[in-house]
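What follows is a set of notes on a single structure, which appears directly below.
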Amino acid sequence: MEFRPILSALMRNKVSMVLIGLQVALTLAIVCNALFIISERLDRMHRPSGMNETDTFVFNSTGFGQGYDVRSVQQADLQLLRSLPGVVDATSVISVPMSQSGWSTSVNLQPNQATATADTALYMVDSHGLSTYGLKLVEGRNFTPAEIGFRTVNDRAAPPSVILTRALADRLFPQGGALGKQVYYDNGSTPTTIIGIVERMQTPWLDSDYIENSSLMPAYLPYGNTTPYLVRAEPGRRDEVMKEVEQRMIQANPSRVIGRMRSIEQVRAVSYAGDRAMAIILGAVIFALLAITALGIVGMASFWVAQRTRQIGTRRALGATRFDILRYFHTENFIITTLGLLLGGVLAYALSLWLMQQYQAPRLPWYYVPVGFVCLWALGQLAVLGPALRASRVPPALATRSV
Amino acid sequence: MFAYYLQLGLRSLKRNPILTALMVVGIALGIAASMTTLTVMHLMGSDPIPWKSDKLHYVQLDNWSPDQPYNDDGSPPDQVTYRDAVALMAAARADRQVAMFKLALPIQPTNPELKPFRALVRVAGADFFPMFEPPFQYGSGWDRRQDGEHARVVVLGKAINEKLFGGQDSVGKTVRMDGVDYTVTGVLDDWHLRAKYYDLTGGAFTDPDELYMPFTTGIDLKQRASGNNSCWSAPASGWEAYLDSDCVWIQMWAELDSPARLAEFKAFLDSYVNEQKKLGRFPRPLNNRLLDVNEWMADQRVVSRDVQVQTGLGFAFLLVCLVNTIGLLLAKFTRKAGEIGLRRALGASRREVFTQFLVESGVIGISGGVLGLALTALGLLAVRALYSEYQTVAALDWMMVAATIVLSIVAALLAGLYPTWRACRVQPAAQLKI
């Protein structure tokens, strides 16, 4: 019943209406897409690595000079690390999940197969690997100390046994029953037997398209004279153990460099810093955008209220209640916002389409736009409340006064 | 007259302090968002060596598996094999050429107060220095003869010379690494590289190289590079077999001083690969690439997608802020219709009214710009805090400061144009009637 007069009043302020509508439209389009990017990043950041992250840390030991025997040092180090108070377990590694650097190869069902059945990350551990990483063995068994071989980076040797992640086992043997089967690494012809399956262990690379495919191999594999160690401390004692380990390692053998101790939590934070930054930056943009749009509506509504003070007085004098006046401004805002939102909905999908083409982004889920509608309607109504209340307080007597 | 309009504008702005603040803050926020993101994008992607970036070409050969390409898009590997690097270096068909990789080596300082530490060593040919032109503080690089002699020489970066020799001229002194002594031939000065463009394989904003040694000397160490290594067929056991394998782990650049030389070199590469095909290597179709510095940086996405999306959003946000300012200015100027009518009736021309209101918009623009600049500095501070590796690209430079001010004034004038035009169309007669 009130639409007609409001519309004809709006038509006299076409440009202002278009400006507010445009602002609402752009806001909707940007906010929907930005929120979607944020939610994607949060999902990505919350993927589980499969390992114990809170109690573990890694560091490198790099020996130097002639006469440095990396093998014997490695054995002595492991013995020392495992004997320290507060240490649950320790193992030599070549990489850890989320560290963005490591080894990968192909794994096949047939010897010398031309195209790979699956890609996998490689982790080299000894019999303490599962407990140090904190992996959950769901089938089969752990490595025995006798199975662990010594390798150098230049050795080509497929180990006799391997432990896979559930995802990789399912990929290789979709019908199940992977345990006990033989596979071939590196396009090779030497078979490797699957002796165990762990629930989950991510590859070191956050962007790999086979992030759940990992293989654990029984080997001591120093990189030249460098050995990375993974240590797992008792719950709550990680930082204290870290300091102790650093000192003891340097004391144990002075002809080497002990690299910085990095907790796995730090490794995660560093690797996901870009995603976190993107989420924060987009969040700030959304906040600023909503604030600017809301303030814009407040400013424009205040101006209209001031401009129409006399008309409001007249309406009040002619019997309109304060609620009528309030409703007038709210309805007016609703009309403008709705027009803007309709345009904004189209813009939101267009922007999403553009992002899909330019950056291979996934499609914006349909429900973002309707949810955005509701939020911006609420924002508009809230923003106009102040000016509308002021309008409703215009006394009817104002109509009788001249300017 | 301008001073008078300025005075009028300021007075008018003071009359509505909240509305004015809203407009200034709106412009400032829009400017800050767009300039912060633009600065990062601009500095990330800026040409690191503008005077010769079109002469330096990254060498890519496609020695990959017959069964699958190296990249899904069919582009060749981003590094070359040892045997190809050595063959191309020996052929020396480019004006300058360099093959390189990086090693992490333990350094044993002679000063007993310094603990041994690990440093990043760029292992490269003598041409590295004249090609990429790092500034020298003392001495110089080694020469090609020393490359041939597998000389045990190093060039130190400024920071490590500071650490080992207190910043003194250390040319001729020795540095012990992994039990071997190397003689210092030169010390670099500050080398401000935003992106480590000569080796993008591990990311463009990684830790800088700390010292440099000859390629031949580095190979003698028989140590695997600490950068990326990819093999499509596993090499046989042993170091020699690794060197002989189809594993790619070496970055190679060629300096070609003219388009003619580039074409010549391209033809040479093609004939080299065709020769190798006869030996049973290079099973894939001919796919050599010689991108120049800027093409290579674009190919390797030095400016990340995130940064591009952020910049796009920054400017979309600025657009919203402008629309907002247009609306508010329009509202404001419309309310002044009476005042404008009076001035027009008293003899002010449309042009004068136009100028007066445009000056008022300009004042908002300048204030928004100044505030926006301060916010941009804050924004860059936030970017540095959020991205630890962007320390070198999230900094204001004078060009960006100037661009910020210009952008904000242009933005405010643009925003003020329509409202001003509307204001000066006020009919004096219509406004003077009561």
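As shown in the structure tokens, the chain order sets the letters A, B, ...; within each chain, residues go from 1, and ligands are also counted from 1 in the order they appear.
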
Residue list for chain A near chain B as an MDAnalysis selection string, 8 Å, only C-alpha atoms: chainID A and resid 16 19:20 22:23 26:27 30 62:66 114:115 153:156 186:187 223:224 256:259 273:274 276:278 281:282 285 288:289 292:293 295:296 299:300 303 307 359

Shell of 9 Å around region 273-283 of chain B, only C-alpha atoms, local chain residues under 6 positions omitted, as a list in words: Leu61, Asp62, Asn63, Trp64, Ser65, Pro66 and Asp246 of chain B

File dump, residues just selected, C-alpha atoms, as a compact mmCIF listing (two decimals), in the first residue's frame:
```txt
# COMPACT_ATOMS: atom_id res chain seq x y z
CA LEU B 61 65.18 -28.43 -23.00
CA ASP B 62 62.55 -31.16 -23.07
CA ASN B 63 64.35 -34.38 -22.16
CA TRP B 64 61.29 -35.79 -20.40
CA SER B 65 59.58 -39.16 -20.54
CA PRO B 66 58.00 -40.35 -23.80
CA ASP B 246 68.20 -37.71 -17.27
```

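A straight line drawn from CA of Ala279 (chain A) to CA of Val31 (chain A) is 12.5 Å long.
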
Residues near Leu200 (chain B), cut-off 10 Å, only C-alpha atoms, skip fewer than 3 positions along chain, as number ranges by chain: B: 78, 195-197, 203-206, 251, 296-297, 300-302

Can I get the selected residues back with C-alpha atoms, as a PDB file, in the first residue's frame?
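Wrote it out as out.pdb, contents follow:
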```pdb
ATOM      1  CA  ASP B  78      62.256 -25.973 -15.496  1.00  0.00           C
ATOM      2  CA  ALA B 195      62.794 -11.802  -6.425  1.00  0.00           C
ATOM      3  CA  LYS B 196      65.711 -14.235  -6.782  1.00  0.00           C
ATOM      4  CA  TYR B 197      65.004 -14.282 -10.491  1.00  0.00           C
ATOM      5  CA  GLY B 203      60.247 -20.004  -5.034  1.00  0.00           C
ATOM      6  CA  ALA B 204      61.102 -16.400  -5.828  1.00  0.00           C
ATOM      7  CA  PHE B 205      61.272 -15.085  -2.278  1.00  0.00           C
ATOM      8  CA  THR B 206      63.479 -17.645  -0.593  1.00  0.00           C
ATOM      9  CA  GLN B 251      69.473 -23.894 -13.913  1.00  0.00           C
ATOM     10  CA  TRP B 296      60.343 -16.484 -17.175  1.00  0.00           C
ATOM     11  CA  MET B 297      59.097 -14.599 -14.102  1.00  0.00           C
ATOM     12  CA  GLN B 300      56.899 -19.120 -12.907  1.00  0.00           C
ATOM     13  CA  ARG B 301      54.148 -16.971 -11.366  1.00  0.00           C
ATOM     14  CA  VAL B 302      56.469 -14.774  -9.331  1.00  0.00           C
TER      15      VAL B 302
END
```

Distance criterion (only C-alpha atoms): nearest to Leu130 (chain A) out of A:Thr117, A:Ser189, A:Thr91, A:Ser8: A:Thr91

Residue set, region 104-256 of chain B restricted to helix (DSSP H, G or I), as a list in words: Phe128, Phe129, Pro130, Met131, Phe132, Arg144, Arg145, Gln146, Asp147, Gly148, Lys158, Ala159, Ile160, Asn161, Glu162, Lys163, Leu164, Phe165, Phe215, Thr216, Thr217, Gly218, Ile219, Asp220, Trp239, Glu240, Ala241, Tyr242 and Leu243 of chain B

Based on the selection just made, write N, CA and C atoms of those residues as an mmCIF file, in the first residue's frame.
```
data_model
loop_
_atom_site.group_PDB
_atom_site.id
_atom_site.type_symbol
_atom_site.label_atom_id
_atom_site.label_comp_id
_atom_site.auth_asym_id
_atom_site.auth_seq_id
_atom_site.Cartn_x
_atom_site.Cartn_y
_atom_site.Cartn_z
ATOM 1 N N PHE B 128 78.455 -15.851 -14.269
ATOM 2 C CA PHE B 128 77.358 -15.437 -13.386
ATOM 3 C C PHE B 128 77.458 -13.950 -13.059
ATOM 4 N N PHE B 129 78.685 -13.487 -12.752
ATOM 5 C CA PHE B 129 78.847 -12.100 -12.282
ATOM 6 C C PHE B 129 78.609 -11.073 -13.385
ATOM 7 N N PRO B 130 79.257 -11.216 -14.552
ATOM 8 C CA PRO B 130 78.921 -10.235 -15.604
ATOM 9 C C PRO B 130 77.485 -10.373 -16.127
ATOM 10 N N MET B 131 76.866 -11.532 -15.985
ATOM 11 C CA MET B 131 75.497 -11.679 -16.496
ATOM 12 C C MET B 131 74.461 -11.028 -15.585
ATOM 13 N N PHE B 132 74.558 -11.295 -14.289
ATOM 14 C CA PHE B 132 73.523 -10.794 -13.381
ATOM 15 C C PHE B 132 73.953 -9.529 -12.647
ATOM 16 N N ARG B 144 86.962 -17.388 -16.277
ATOM 17 C CA ARG B 144 86.651 -18.670 -16.923
ATOM 18 C C ARG B 144 87.805 -19.661 -16.805
ATOM 19 N N ARG B 145 89.022 -19.101 -16.768
ATOM 20 C CA ARG B 145 90.191 -19.979 -16.626
ATOM 21 C C ARG B 145 90.099 -20.741 -15.304
ATOM 22 N N GLN B 146 89.708 -20.009 -14.252
ATOM 23 C CA GLN B 146 89.585 -20.662 -12.939
ATOM 24 C C GLN B 146 88.453 -21.682 -12.929
ATOM 25 N N ASP B 147 87.396 -21.404 -13.726
ATOM 26 C CA ASP B 147 86.348 -22.420 -13.900
ATOM 27 C C ASP B 147 86.986 -23.711 -14.407
ATOM 28 N N GLY B 148 87.833 -23.568 -15.440
ATOM 29 C CA GLY B 148 88.467 -24.729 -16.062
ATOM 30 C C GLY B 148 89.407 -25.452 -15.115
ATOM 31 N N LYS B 158 77.735 -9.934 1.174
ATOM 32 C CA LYS B 158 78.114 -8.917 2.148
ATOM 33 C C LYS B 158 77.886 -9.405 3.581
ATOM 34 N N ALA B 159 76.741 -10.070 3.810
ATOM 35 C CA ALA B 159 76.385 -10.463 5.175
ATOM 36 C C ALA B 159 77.385 -11.461 5.740
ATOM 37 N N ILE B 160 77.802 -12.428 4.917
ATOM 38 C CA ILE B 160 78.688 -13.459 5.448
ATOM 39 C C ILE B 160 80.103 -12.906 5.632
ATOM 40 N N ASN B 161 80.489 -11.920 4.795
ATOM 41 C CA ASN B 161 81.788 -11.269 4.988
ATOM 42 C C ASN B 161 81.776 -10.483 6.299
ATOM 43 N N GLU B 162 80.619 -9.901 6.587
ATOM 44 C CA GLU B 162 80.427 -9.185 7.848
ATOM 45 C C GLU B 162 80.635 -10.152 9.021
ATOM 46 N N LYS B 163 80.042 -11.331 8.884
ATOM 47 C CA LYS B 163 80.069 -12.314 9.954
ATOM 48 C C LYS B 163 81.467 -12.909 10.145
ATOM 49 N N LEU B 164 82.116 -13.269 9.025
ATOM 50 C CA LEU B 164 83.398 -13.966 9.126
ATOM 51 C C LEU B 164 84.572 -13.015 9.286
ATOM 52 N N PHE B 165 84.524 -11.853 8.609
ATOM 53 C CA PHE B 165 85.687 -10.962 8.603
ATOM 54 C C PHE B 165 85.363 -9.561 9.089
ATOM 55 N N PHE B 215 81.355 -23.663 -10.701
ATOM 56 C CA PHE B 215 80.532 -24.832 -11.001
ATOM 57 C C PHE B 215 81.364 -26.118 -10.930
ATOM 58 N N THR B 216 82.527 -26.089 -11.573
ATOM 59 C CA THR B 216 83.368 -27.295 -11.621
ATOM 60 C C THR B 216 83.811 -27.702 -10.216
ATOM 61 N N THR B 217 84.152 -26.693 -9.399
ATOM 62 C CA THR B 217 84.592 -26.961 -8.034
ATOM 63 C C THR B 217 83.452 -27.577 -7.220
ATOM 64 N N GLY B 218 82.254 -27.038 -7.422
ATOM 65 C CA GLY B 218 81.093 -27.530 -6.683
ATOM 66 C C GLY B 218 80.746 -28.959 -7.062
ATOM 67 N N ILE B 219 80.901 -29.293 -8.349
ATOM 68 C CA ILE B 219 80.606 -30.660 -8.797
ATOM 69 C C ILE B 219 81.585 -31.643 -8.157
ATOM 70 N N ASP B 220 82.861 -31.198 -7.986
ATOM 71 C CA ASP B 220 83.864 -32.081 -7.379
ATOM 72 C C ASP B 220 83.464 -32.538 -5.972
ATOM 73 N N TRP B 239 77.446 -41.750 -8.027
ATOM 74 C CA TRP B 239 77.487 -40.333 -8.399
ATOM 75 C C TRP B 239 77.649 -40.151 -9.901
ATOM 76 N N GLU B 240 78.547 -40.956 -10.512
ATOM 77 C CA GLU B 240 78.782 -40.821 -11.957
ATOM 78 C C GLU B 240 77.500 -41.121 -12.732
ATOM 79 N N ALA B 241 76.782 -42.164 -12.289
ATOM 80 C CA ALA B 241 75.535 -42.527 -12.962
ATOM 81 C C ALA B 241 74.511 -41.410 -12.808
ATOM 82 N N TYR B 242 74.542 -40.747 -11.661
ATOM 83 C CA TYR B 242 73.624 -39.628 -11.442
ATOM 84 C C TYR B 242 73.926 -38.490 -12.421
ATOM 85 N N LEU B 243 75.230 -38.157 -12.558
ATOM 86 C CA LEU B 243 75.626 -37.081 -13.481
ATOM 87 C C LEU B 243 75.223 -37.424 -14.912
#
```

Between CA of Met45 (chain A) and CA of Ala361 (chain A) - distance in Å to one decimal: 16.8 Å

Pairwise distance for CA of Asp127 (chain B) and CA of Ala91 (chain B), rounded to one decimal in Å: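 Interatomic distance, CA of Asp127 (chain B) to CA of Ala91 (chain B): 14.4 Å.
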
Option closest in space to Arg82 (chain A), from A:Val245, A:Ala350, A:Ile194, A:Leu7 [counting only C-alpha atoms]: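 Checking each candidate against Arg82 (chain A), we get A:Val245 as the closest.
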